[in-house]
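One structure is given below, encoded as structure tokens.
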Protein chains: 2
Amino acid sequence: MTQLDLTEQPEAEASKLGRKRDHTRDPEILDAALEVLAETGYDGMTIDMVAARAKAGKATMYRRWPSKSELVLDAVACMKSADIDFDRLPDTGTLRGDLIAMIKPPSIKDAETKLKIMAGLISMLTRNPELADAANAAMVEPRATVNRIFFKRAIERGEISPDCDVETLSLVTPSMAAYRVLILRKPVDRAFLISLIDGVLMPAVGIVAAARTR
Amino acid sequence: MTQLDLTEQPEAEASKLGRKRDHTRDPEILDAALEVLAETGYDGMTIDMVAARAKAGKATMYRRWPSKSELVLDAVACMKSADIDFDRLPDTGTLRGDLIAMIKPPSIKDAETKLKIMAGLISMLTRNPELADAANAAMVEPRATVNRIFFKRAIERGEISPDCDVETLSLVTPSMAAYRVLILRKPVDRAFLISLIDGVLMPAVGIVAAARTR
DNA sequence: ACTATACGGTACTGAGGAGTTTCGGATCTG
DNA sequence: CAGATCCGAAACTCCTCAGTACCGTATAGT
């Protein structure tokens, strides 16, 4: 939220007594926090690491956030899905085309970064529901939403049956990518995602291989 | 390995000088470690917690394992899949029957426990490849293996096409169950697993709903 | 009974990290 | 320039926890 307040409007009222707080360095600090989080995990992360990376003083951190957990919560909540633009989703005319169109190097990279952050947070999610909700909204929900849109479109245009379990199918790619990175510790590359689409989703939805061979 | 040495043979040679080490409490301690691990995660777990839970002294812990990380590694490596008996896998004659037969309350419970342990380990896996391998062998590989067996059987008996991507399909259930528990933090119940089988796996493999409606 | 060993308990050491305080310098206001 | 505010740096407190040392006791072998 902080990150947005800054970019949207240049500090509403700077009057009153003296001058209003800038907090102009918030975005850099939150980004630094996310980086450290991805590299070391929640428990491995220290306030000093984040401060050093953002070239900020430790005191500055505590002037702005009351505790480490609040800082992390804010960092996760402010994290913007830089990769998904809901106003400009691909629309290729076929379900497979739409799904494949989402596979782009920057998108894969972004997803991997988010999964690394997620890895560092997972053990906390149990004990911190607020953080769990923020992580869900910032990292997992957007992906599933895109898939849901694609599947619903395909149903509307009659490409696939309306009986398809859209909810479950939308979670296949996110789930299996997460499992592969977090647990199997293998990279999620284009080939893997395509094998998911052609080996699971397309067959599951009744589109046979022959129909998509050009 | 320790756990097994004990049950298999009553201390091979107890001669030499004095008497051989008992380490008879190892299993209790390792079990306690797994419990604490599931409850608090790797970083939250302390040696004192484990010792207290196993009613052991802290010194005993360090007489047996040189460090916390070695203890955890041993605990994970010794963890036995209490739920899967590879000599007595269900064989119902149909793929769907086999998959459904694996859904049993104790099996679900065991899987949930393992996922909780996994949640506490994930952030460590990156920094400790040895632990990652042990966790993989003990918790994820067995599940996938069972599914692979079922799919291969189904291919052999001609129930499904040999072109099916067995490898990927075998990972659908483990992946999506893990995602649901670890990230979505929702319970994995019978209904969810069945929706996976009937909403993803069966369709993906070309078995239509009509064919299984009794 | 005597001795050795393993164990449980407790006290200790040392390192590291959360959170606090202080201070000196930079920057803006007038 | 004078006054106020913010910030980076560093020193400091307090606490937790990994790992160690020691001791009293239970037990098993001789």
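Ordering of the structure tokens sets the chain letters (A, B, ...); residue numbers start at 1 within each chain; ligands are numbered from 1 in the order shown.
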Give the superposed chain A as a PDB file with C-alpha atoms, in the first residue's frame, the fit being least squares on chain B over all ordered C-alpha pairs.
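Just written: part.pdb:
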```
ATOM      1  CA  MET A   1      19.082 -45.946   9.306  1.00  0.00           C
ATOM      2  CA  THR A   2      19.518 -46.017  13.035  1.00  0.00           C
ATOM      3  CA  GLN A   3      15.928 -46.933  13.554  1.00  0.00           C
ATOM      4  CA  LEU A   4      16.317 -49.937  11.307  1.00  0.00           C
ATOM      5  CA  ASP A   5      19.573 -51.224  12.733  1.00  0.00           C
ATOM      6  CA  LEU A   6      17.852 -51.605  16.055  1.00  0.00           C
ATOM      7  CA  THR A   7      14.796 -53.484  14.932  1.00  0.00           C
ATOM      8  CA  GLU A   8      16.599 -55.719  12.502  1.00  0.00           C
ATOM      9  CA  GLN A   9      19.266 -57.143  14.731  1.00  0.00           C
ATOM     10  CA  PRO A  10      19.835 -56.900  18.493  1.00  0.00           C
ATOM     11  CA  GLU A  11      23.181 -55.113  18.404  1.00  0.00           C
ATOM     12  CA  ALA A  12      25.590 -57.182  16.363  1.00  0.00           C
ATOM     13  CA  GLU A  13      28.655 -57.272  18.630  1.00  0.00           C
ATOM     14  CA  ALA A  14      28.422 -56.107  22.246  1.00  0.00           C
ATOM     15  CA  SER A  15      31.855 -57.334  23.154  1.00  0.00           C
ATOM     16  CA  LYS A  16      35.184 -55.513  22.808  1.00  0.00           C
ATOM     17  CA  LEU A  17      35.882 -53.316  25.795  1.00  0.00           C
ATOM     18  CA  GLY A  18      33.172 -52.677  28.300  1.00  0.00           C
ATOM     19  CA  ARG A  19      29.969 -52.816  26.333  1.00  0.00           C
ATOM     20  CA  LYS A  20      28.805 -51.351  23.094  1.00  0.00           C
ATOM     21  CA  ARG A  21      26.717 -48.230  22.906  1.00  0.00           C
ATOM     22  CA  ASP A  22      23.029 -48.899  23.065  1.00  0.00           C
ATOM     23  CA  HIS A  23      21.557 -45.756  21.594  1.00  0.00           C
ATOM     24  CA  THR A  24      18.394 -47.567  22.478  1.00  0.00           C
ATOM     25  CA  ARG A  25      16.510 -44.290  22.816  1.00  0.00           C
ATOM     26  CA  ASP A  26      17.284 -43.117  19.312  1.00  0.00           C
ATOM     27  CA  PRO A  27      13.868 -43.893  17.828  1.00  0.00           C
ATOM     28  CA  GLU A  28      11.988 -41.960  20.517  1.00  0.00           C
ATOM     29  CA  ILE A  29      14.293 -39.000  20.088  1.00  0.00           C
ATOM     30  CA  LEU A  30      13.997 -38.996  16.318  1.00  0.00           C
ATOM     31  CA  ASP A  31      10.224 -39.226  16.557  1.00  0.00           C
ATOM     32  CA  ALA A  32      10.198 -36.332  18.991  1.00  0.00           C
ATOM     33  CA  ALA A  33      12.339 -34.354  16.573  1.00  0.00           C
ATOM     34  CA  LEU A  34       9.855 -34.965  13.770  1.00  0.00           C
ATOM     35  CA  GLU A  35       6.969 -33.862  15.969  1.00  0.00           C
ATOM     36  CA  VAL A  36       8.668 -30.632  16.976  1.00  0.00           C
ATOM     37  CA  LEU A  37       9.701 -30.092  13.389  1.00  0.00           C
ATOM     38  CA  ALA A  38       6.108 -30.377  12.235  1.00  0.00           C
ATOM     39  CA  GLU A  39       4.901 -27.992  14.923  1.00  0.00           C
ATOM     40  CA  THR A  40       7.491 -25.243  14.837  1.00  0.00           C
ATOM     41  CA  GLY A  41       9.589 -25.639  11.713  1.00  0.00           C
ATOM     42  CA  TYR A  42      13.353 -26.045  11.519  1.00  0.00           C
ATOM     43  CA  ASP A  43      14.275 -22.623  12.823  1.00  0.00           C
ATOM     44  CA  GLY A  44      11.695 -22.649  15.584  1.00  0.00           C
ATOM     45  CA  MET A  45      12.825 -26.036  16.796  1.00  0.00           C
ATOM     46  CA  THR A  46      15.345 -26.124  19.632  1.00  0.00           C
ATOM     47  CA  ILE A  47      17.380 -29.032  20.930  1.00  0.00           C
ATOM     48  CA  ASP A  48      15.838 -28.488  24.352  1.00  0.00           C
ATOM     49  CA  MET A  49      12.341 -28.900  22.947  1.00  0.00           C
ATOM     50  CA  VAL A  50      13.243 -32.227  21.392  1.00  0.00           C
ATOM     51  CA  ALA A  51      15.050 -33.409  24.509  1.00  0.00           C
ATOM     52  CA  ALA A  52      12.128 -32.426  26.723  1.00  0.00           C
ATOM     53  CA  ARG A  53       9.614 -34.151  24.486  1.00  0.00           C
ATOM     54  CA  ALA A  54      11.678 -37.346  24.444  1.00  0.00           C
ATOM     55  CA  LYS A  55      12.382 -37.005  28.178  1.00  0.00           C
ATOM     56  CA  ALA A  56      16.052 -37.050  27.371  1.00  0.00           C
ATOM     57  CA  GLY A  57      18.902 -34.848  28.466  1.00  0.00           C
ATOM     58  CA  LYS A  58      20.400 -32.266  26.186  1.00  0.00           C
ATOM     59  CA  ALA A  59      23.801 -33.881  26.641  1.00  0.00           C
ATOM     60  CA  THR A  60      22.430 -37.173  25.375  1.00  0.00           C
ATOM     61  CA  MET A  61      21.471 -35.437  22.170  1.00  0.00           C
ATOM     62  CA  TYR A  62      24.964 -34.147  21.593  1.00  0.00           C
ATOM     63  CA  ARG A  63      26.540 -37.457  22.559  1.00  0.00           C
ATOM     64  CA  ARG A  64      24.679 -38.970  19.654  1.00  0.00           C
ATOM     65  CA  TRP A  65      24.449 -36.237  17.018  1.00  0.00           C
ATOM     66  CA  PRO A  66      27.101 -33.594  16.473  1.00  0.00           C
ATOM     67  CA  SER A  67      24.693 -30.793  15.635  1.00  0.00           C
ATOM     68  CA  LYS A  68      21.098 -29.771  15.225  1.00  0.00           C
ATOM     69  CA  SER A  69      21.245 -30.096  11.472  1.00  0.00           C
ATOM     70  CA  GLU A  70      22.625 -33.646  11.686  1.00  0.00           C
ATOM     71  CA  LEU A  71      19.848 -34.592  14.062  1.00  0.00           C
ATOM     72  CA  VAL A  72      17.212 -33.289  11.691  1.00  0.00           C
ATOM     73  CA  LEU A  73      18.853 -34.993   8.743  1.00  0.00           C
ATOM     74  CA  ASP A  74      18.866 -38.302  10.603  1.00  0.00           C
ATOM     75  CA  ALA A  75      15.265 -37.861  11.716  1.00  0.00           C
ATOM     76  CA  VAL A  76      14.093 -37.240   8.173  1.00  0.00           C
ATOM     77  CA  ALA A  77      16.180 -40.050   6.718  1.00  0.00           C
ATOM     78  CA  CYS A  78      14.896 -42.550   9.277  1.00  0.00           C
ATOM     79  CA  MET A  79      11.280 -41.549   8.828  1.00  0.00           C
ATOM     80  CA  LYS A  80       9.485 -44.547   7.475  1.00  0.00           C
ATOM     81  CA  SER A  81       6.437 -44.308   5.246  1.00  0.00           C
ATOM     82  CA  ALA A  82       4.177 -46.029   7.714  1.00  0.00           C
ATOM     83  CA  ASP A  83       1.306 -45.728   5.318  1.00  0.00           C
ATOM     84  CA  ILE A  84       2.447 -47.287   2.080  1.00  0.00           C
ATOM     85  CA  ASP A  85       3.050 -51.010   1.826  1.00  0.00           C
ATOM     86  CA  PHE A  86       4.515 -51.661  -1.583  1.00  0.00           C
ATOM     87  CA  ASP A  87       3.954 -55.391  -1.231  1.00  0.00           C
ATOM     88  CA  ARG A  88       0.262 -54.934  -0.737  1.00  0.00           C
ATOM     89  CA  LEU A  89      -0.829 -52.239  -3.148  1.00  0.00           C
ATOM     90  CA  PRO A  90      -4.490 -52.295  -4.137  1.00  0.00           C
ATOM     91  CA  ASP A  91      -5.262 -53.924  -7.478  1.00  0.00           C
ATOM     92  CA  THR A  92      -8.884 -53.307  -8.297  1.00  0.00           C
ATOM     93  CA  GLY A  93      -8.683 -53.867 -12.017  1.00  0.00           C
ATOM     94  CA  THR A  94      -9.308 -50.250 -12.991  1.00  0.00           C
ATOM     95  CA  LEU A  95      -7.100 -47.191 -12.771  1.00  0.00           C
ATOM     96  CA  ARG A  96      -9.766 -45.187 -11.007  1.00  0.00           C
ATOM     97  CA  GLY A  97     -10.378 -48.017  -8.565  1.00  0.00           C
ATOM     98  CA  ASP A  98      -6.699 -48.222  -7.689  1.00  0.00           C
ATOM     99  CA  LEU A  99      -6.389 -44.482  -7.194  1.00  0.00           C
ATOM    100  CA  ILE A 100      -9.513 -44.294  -5.055  1.00  0.00           C
ATOM    101  CA  ALA A 101      -8.402 -47.293  -3.021  1.00  0.00           C
ATOM    102  CA  MET A 102      -5.362 -45.305  -1.906  1.00  0.00           C
ATOM    103  CA  ILE A 103      -7.592 -42.680  -0.297  1.00  0.00           C
ATOM    104  CA  LYS A 104      -7.923 -43.846   3.273  1.00  0.00           C
ATOM    105  CA  PRO A 105      -8.122 -41.751   6.443  1.00  0.00           C
ATOM    106  CA  PRO A 106      -4.816 -43.034   7.848  1.00  0.00           C
ATOM    107  CA  SER A 107      -3.141 -42.375   4.533  1.00  0.00           C
ATOM    108  CA  ILE A 108      -4.481 -38.836   4.397  1.00  0.00           C
ATOM    109  CA  LYS A 109      -3.428 -38.223   7.960  1.00  0.00           C
ATOM    110  CA  ASP A 110       0.074 -39.495   7.272  1.00  0.00           C
ATOM    111  CA  ALA A 111       0.379 -37.346   4.187  1.00  0.00           C
ATOM    112  CA  GLU A 112      -0.707 -34.288   6.127  1.00  0.00           C
ATOM    113  CA  THR A 113       1.863 -34.943   8.829  1.00  0.00           C
ATOM    114  CA  LYS A 114       4.587 -35.265   6.241  1.00  0.00           C
ATOM    115  CA  LEU A 115       3.529 -32.052   4.575  1.00  0.00           C
ATOM    116  CA  LYS A 116       3.726 -30.209   7.882  1.00  0.00           C
ATOM    117  CA  ILE A 117       7.232 -31.522   8.350  1.00  0.00           C
ATOM    118  CA  MET A 118       8.029 -30.518   4.810  1.00  0.00           C
ATOM    119  CA  ALA A 119       6.713 -27.018   5.471  1.00  0.00           C
ATOM    120  CA  GLY A 120       9.212 -26.636   8.269  1.00  0.00           C
ATOM    121  CA  LEU A 121      12.054 -27.836   6.077  1.00  0.00           C
ATOM    122  CA  ILE A 122      11.466 -26.069   2.786  1.00  0.00           C
ATOM    123  CA  SER A 123      13.529 -22.980   3.478  1.00  0.00           C
ATOM    124  CA  MET A 124      16.428 -25.261   4.442  1.00  0.00           C
ATOM    125  CA  LEU A 125      16.337 -27.404   1.330  1.00  0.00           C
ATOM    126  CA  THR A 126      18.036 -24.706  -0.719  1.00  0.00           C
ATOM    127  CA  ARG A 127      21.000 -24.516   1.606  1.00  0.00           C
ATOM    128  CA  ASN A 128      21.249 -28.205   2.474  1.00  0.00           C
ATOM    129  CA  PRO A 129      21.169 -30.514  -0.566  1.00  0.00           C
ATOM    130  CA  GLU A 130      21.749 -33.587   1.590  1.00  0.00           C
ATOM    131  CA  LEU A 131      18.633 -32.802   3.582  1.00  0.00           C
ATOM    132  CA  ALA A 132      16.762 -32.110   0.383  1.00  0.00           C
ATOM    133  CA  ASP A 133      17.617 -35.547  -0.955  1.00  0.00           C
ATOM    134  CA  ALA A 134      16.605 -37.244   2.284  1.00  0.00           C
ATOM    135  CA  ALA A 135      13.297 -35.382   2.393  1.00  0.00           C
ATOM    136  CA  ASN A 136      12.642 -36.260  -1.201  1.00  0.00           C
ATOM    137  CA  ALA A 137      13.355 -39.956  -0.706  1.00  0.00           C
ATOM    138  CA  ALA A 138      11.300 -40.188   2.472  1.00  0.00           C
ATOM    139  CA  MET A 139       8.305 -38.048   1.669  1.00  0.00           C
ATOM    140  CA  VAL A 140       7.729 -37.312  -1.980  1.00  0.00           C
ATOM    141  CA  GLU A 141       9.174 -40.186  -3.981  1.00  0.00           C
ATOM    142  CA  PRO A 142       7.037 -42.980  -2.452  1.00  0.00           C
ATOM    143  CA  ARG A 143       3.780 -41.258  -3.385  1.00  0.00           C
ATOM    144  CA  ALA A 144       4.823 -40.604  -6.958  1.00  0.00           C
ATOM    145  CA  THR A 145       6.076 -44.168  -7.281  1.00  0.00           C
ATOM    146  CA  VAL A 146       2.710 -45.633  -6.332  1.00  0.00           C
ATOM    147  CA  ASN A 147       0.980 -43.520  -8.947  1.00  0.00           C
ATOM    148  CA  ARG A 148       3.510 -44.479 -11.585  1.00  0.00           C
ATOM    149  CA  ILE A 149       2.788 -48.139 -10.876  1.00  0.00           C
ATOM    150  CA  PHE A 150      -0.944 -47.608 -11.258  1.00  0.00           C
ATOM    151  CA  PHE A 151      -0.607 -45.737 -14.534  1.00  0.00           C
ATOM    152  CA  LYS A 152       1.785 -48.293 -15.999  1.00  0.00           C
ATOM    153  CA  ARG A 153      -0.548 -51.104 -15.019  1.00  0.00           C
ATOM    154  CA  ALA A 154      -3.422 -49.303 -16.708  1.00  0.00           C
ATOM    155  CA  ILE A 155      -1.355 -48.972 -19.863  1.00  0.00           C
ATOM    156  CA  GLU A 156      -0.427 -52.654 -19.799  1.00  0.00           C
ATOM    157  CA  ARG A 157      -4.012 -53.761 -19.471  1.00  0.00           C
ATOM    158  CA  GLY A 158      -4.962 -51.420 -22.304  1.00  0.00           C
ATOM    159  CA  GLU A 159      -7.180 -49.237 -20.179  1.00  0.00           C
ATOM    160  CA  ILE A 160      -5.391 -46.056 -21.165  1.00  0.00           C
ATOM    161  CA  SER A 161      -3.178 -45.013 -24.055  1.00  0.00           C
ATOM    162  CA  PRO A 162       0.561 -45.726 -23.852  1.00  0.00           C
ATOM    163  CA  ASP A 163       1.105 -42.140 -25.018  1.00  0.00           C
ATOM    164  CA  CYS A 164       0.011 -40.824 -21.637  1.00  0.00           C
ATOM    165  CA  ASP A 165       2.587 -38.687 -19.873  1.00  0.00           C
ATOM    166  CA  VAL A 166       2.902 -41.036 -16.901  1.00  0.00           C
ATOM    167  CA  GLU A 167       5.673 -39.053 -15.267  1.00  0.00           C
ATOM    168  CA  THR A 168       3.755 -35.796 -15.200  1.00  0.00           C
ATOM    169  CA  LEU A 169       0.413 -37.381 -14.352  1.00  0.00           C
ATOM    170  CA  SER A 170       1.957 -39.203 -11.388  1.00  0.00           C
ATOM    171  CA  LEU A 171       2.922 -35.872  -9.901  1.00  0.00           C
ATOM    172  CA  VAL A 172      -0.484 -34.234 -10.199  1.00  0.00           C
ATOM    173  CA  THR A 173      -1.925 -35.531  -6.950  1.00  0.00           C
ATOM    174  CA  PRO A 174       1.179 -35.001  -4.787  1.00  0.00           C
ATOM    175  CA  SER A 175       1.750 -31.537  -6.230  1.00  0.00           C
ATOM    176  CA  MET A 176      -1.770 -30.290  -5.828  1.00  0.00           C
ATOM    177  CA  ALA A 177      -2.171 -31.752  -2.373  1.00  0.00           C
ATOM    178  CA  ALA A 178       1.063 -30.108  -1.299  1.00  0.00           C
ATOM    179  CA  TYR A 179       0.028 -26.770  -2.775  1.00  0.00           C
ATOM    180  CA  ARG A 180      -3.333 -26.961  -1.068  1.00  0.00           C
ATOM    181  CA  VAL A 181      -1.884 -27.663   2.347  1.00  0.00           C
ATOM    182  CA  LEU A 182       1.288 -25.602   2.257  1.00  0.00           C
ATOM    183  CA  ILE A 183       0.185 -22.525   0.359  1.00  0.00           C
ATOM    184  CA  LEU A 184      -3.600 -22.418   0.293  1.00  0.00           C
ATOM    185  CA  ARG A 185      -3.664 -23.832   3.840  1.00  0.00           C
ATOM    186  CA  LYS A 186      -6.816 -25.781   3.218  1.00  0.00           C
ATOM    187  CA  PRO A 187      -7.313 -29.370   4.342  1.00  0.00           C
ATOM    188  CA  VAL A 188      -6.826 -32.229   1.910  1.00  0.00           C
ATOM    189  CA  ASP A 189      -9.922 -34.343   2.353  1.00  0.00           C
ATOM    190  CA  ARG A 190     -11.463 -37.205   0.437  1.00  0.00           C
ATOM    191  CA  ALA A 191     -13.641 -34.876  -1.625  1.00  0.00           C
ATOM    192  CA  PHE A 192     -10.658 -32.906  -2.872  1.00  0.00           C
ATOM    193  CA  LEU A 193      -8.726 -35.997  -3.878  1.00  0.00           C
ATOM    194  CA  ILE A 194     -11.731 -37.388  -5.715  1.00  0.00           C
ATOM    195  CA  SER A 195     -12.242 -34.119  -7.561  1.00  0.00           C
ATOM    196  CA  LEU A 196      -8.598 -34.412  -8.614  1.00  0.00           C
ATOM    197  CA  ILE A 197      -9.098 -37.923  -9.894  1.00  0.00           C
ATOM    198  CA  ASP A 198     -12.418 -37.274 -11.618  1.00  0.00           C
ATOM    199  CA  GLY A 199     -11.799 -33.693 -12.663  1.00  0.00           C
ATOM    200  CA  VAL A 200      -8.234 -33.939 -13.888  1.00  0.00           C
ATOM    201  CA  LEU A 201      -6.655 -37.379 -14.043  1.00  0.00           C
ATOM    202  CA  MET A 202      -9.509 -39.397 -15.515  1.00  0.00           C
ATOM    203  CA  PRO A 203     -10.352 -36.849 -18.216  1.00  0.00           C
ATOM    204  CA  ALA A 204      -6.666 -36.352 -18.973  1.00  0.00           C
ATOM    205  CA  VAL A 205      -6.280 -40.036 -19.553  1.00  0.00           C
ATOM    206  CA  GLY A 206      -9.318 -40.285 -21.777  1.00  0.00           C
ATOM    207  CA  ILE A 207     -11.691 -42.077 -19.444  1.00  0.00           C
ATOM    208  CA  VAL A 208     -14.999 -40.268 -19.716  1.00  0.00           C
ATOM    209  CA  ALA A 209     -17.444 -39.824 -16.864  1.00  0.00           C
ATOM    210  CA  ALA A 210     -20.078 -42.033 -18.516  1.00  0.00           C
ATOM    211  CA  ALA A 211     -17.722 -45.009 -18.526  1.00  0.00           C
ATOM    212  CA  ARG A 212     -17.316 -44.980 -14.785  1.00  0.00           C
ATOM    213  CA  THR A 213     -20.935 -44.339 -13.751  1.00  0.00           C
ATOM    214  CA  ARG A 214     -21.305 -47.820 -12.418  1.00  0.00           C
TER     215      ARG A 214
END
```
Among range 52-125 of chain B, which ones does DSSP place in helix (DSSP H, G or I), written as a ChimeraX atom specification?
/B:52-53,58-64,68-78,86-88,95-101,105-125
Report as a tab-separated table the residues of chain D within 9 Å of range 15-21 of chain C, each with its shortest atom pair and distance in Å (one decimal), using only C-alpha atoms (C1' of nucleotides), ordered by chain and increasing residue number.
```
residue	atom	partner	partner_atom	distance
D:DA11	C1'	C:DT21	C1'	8.8
D:DC12	C1'	C:DT21	C1'	7.8
D:DT13	C1'	C:DT20	C1'	7.9
D:DC15	C1'	C:DA18	C1'	9.0
D:DA18	C1'	C:DA15	C1'	9.0
```
Chain C contacts to chain B at 12 Å (only C-alpha atoms (C1' of nucleotides)) as a VMD selection string
chain C and resid 3 to 10
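The space between C1' of DT20 in chain D and C1' of DT13 in chain C spans 7.8 Å.
If you look at C1' of DC12 in chain C and C1' of DT25 in chain D, they are 21.5 Å away from each other.
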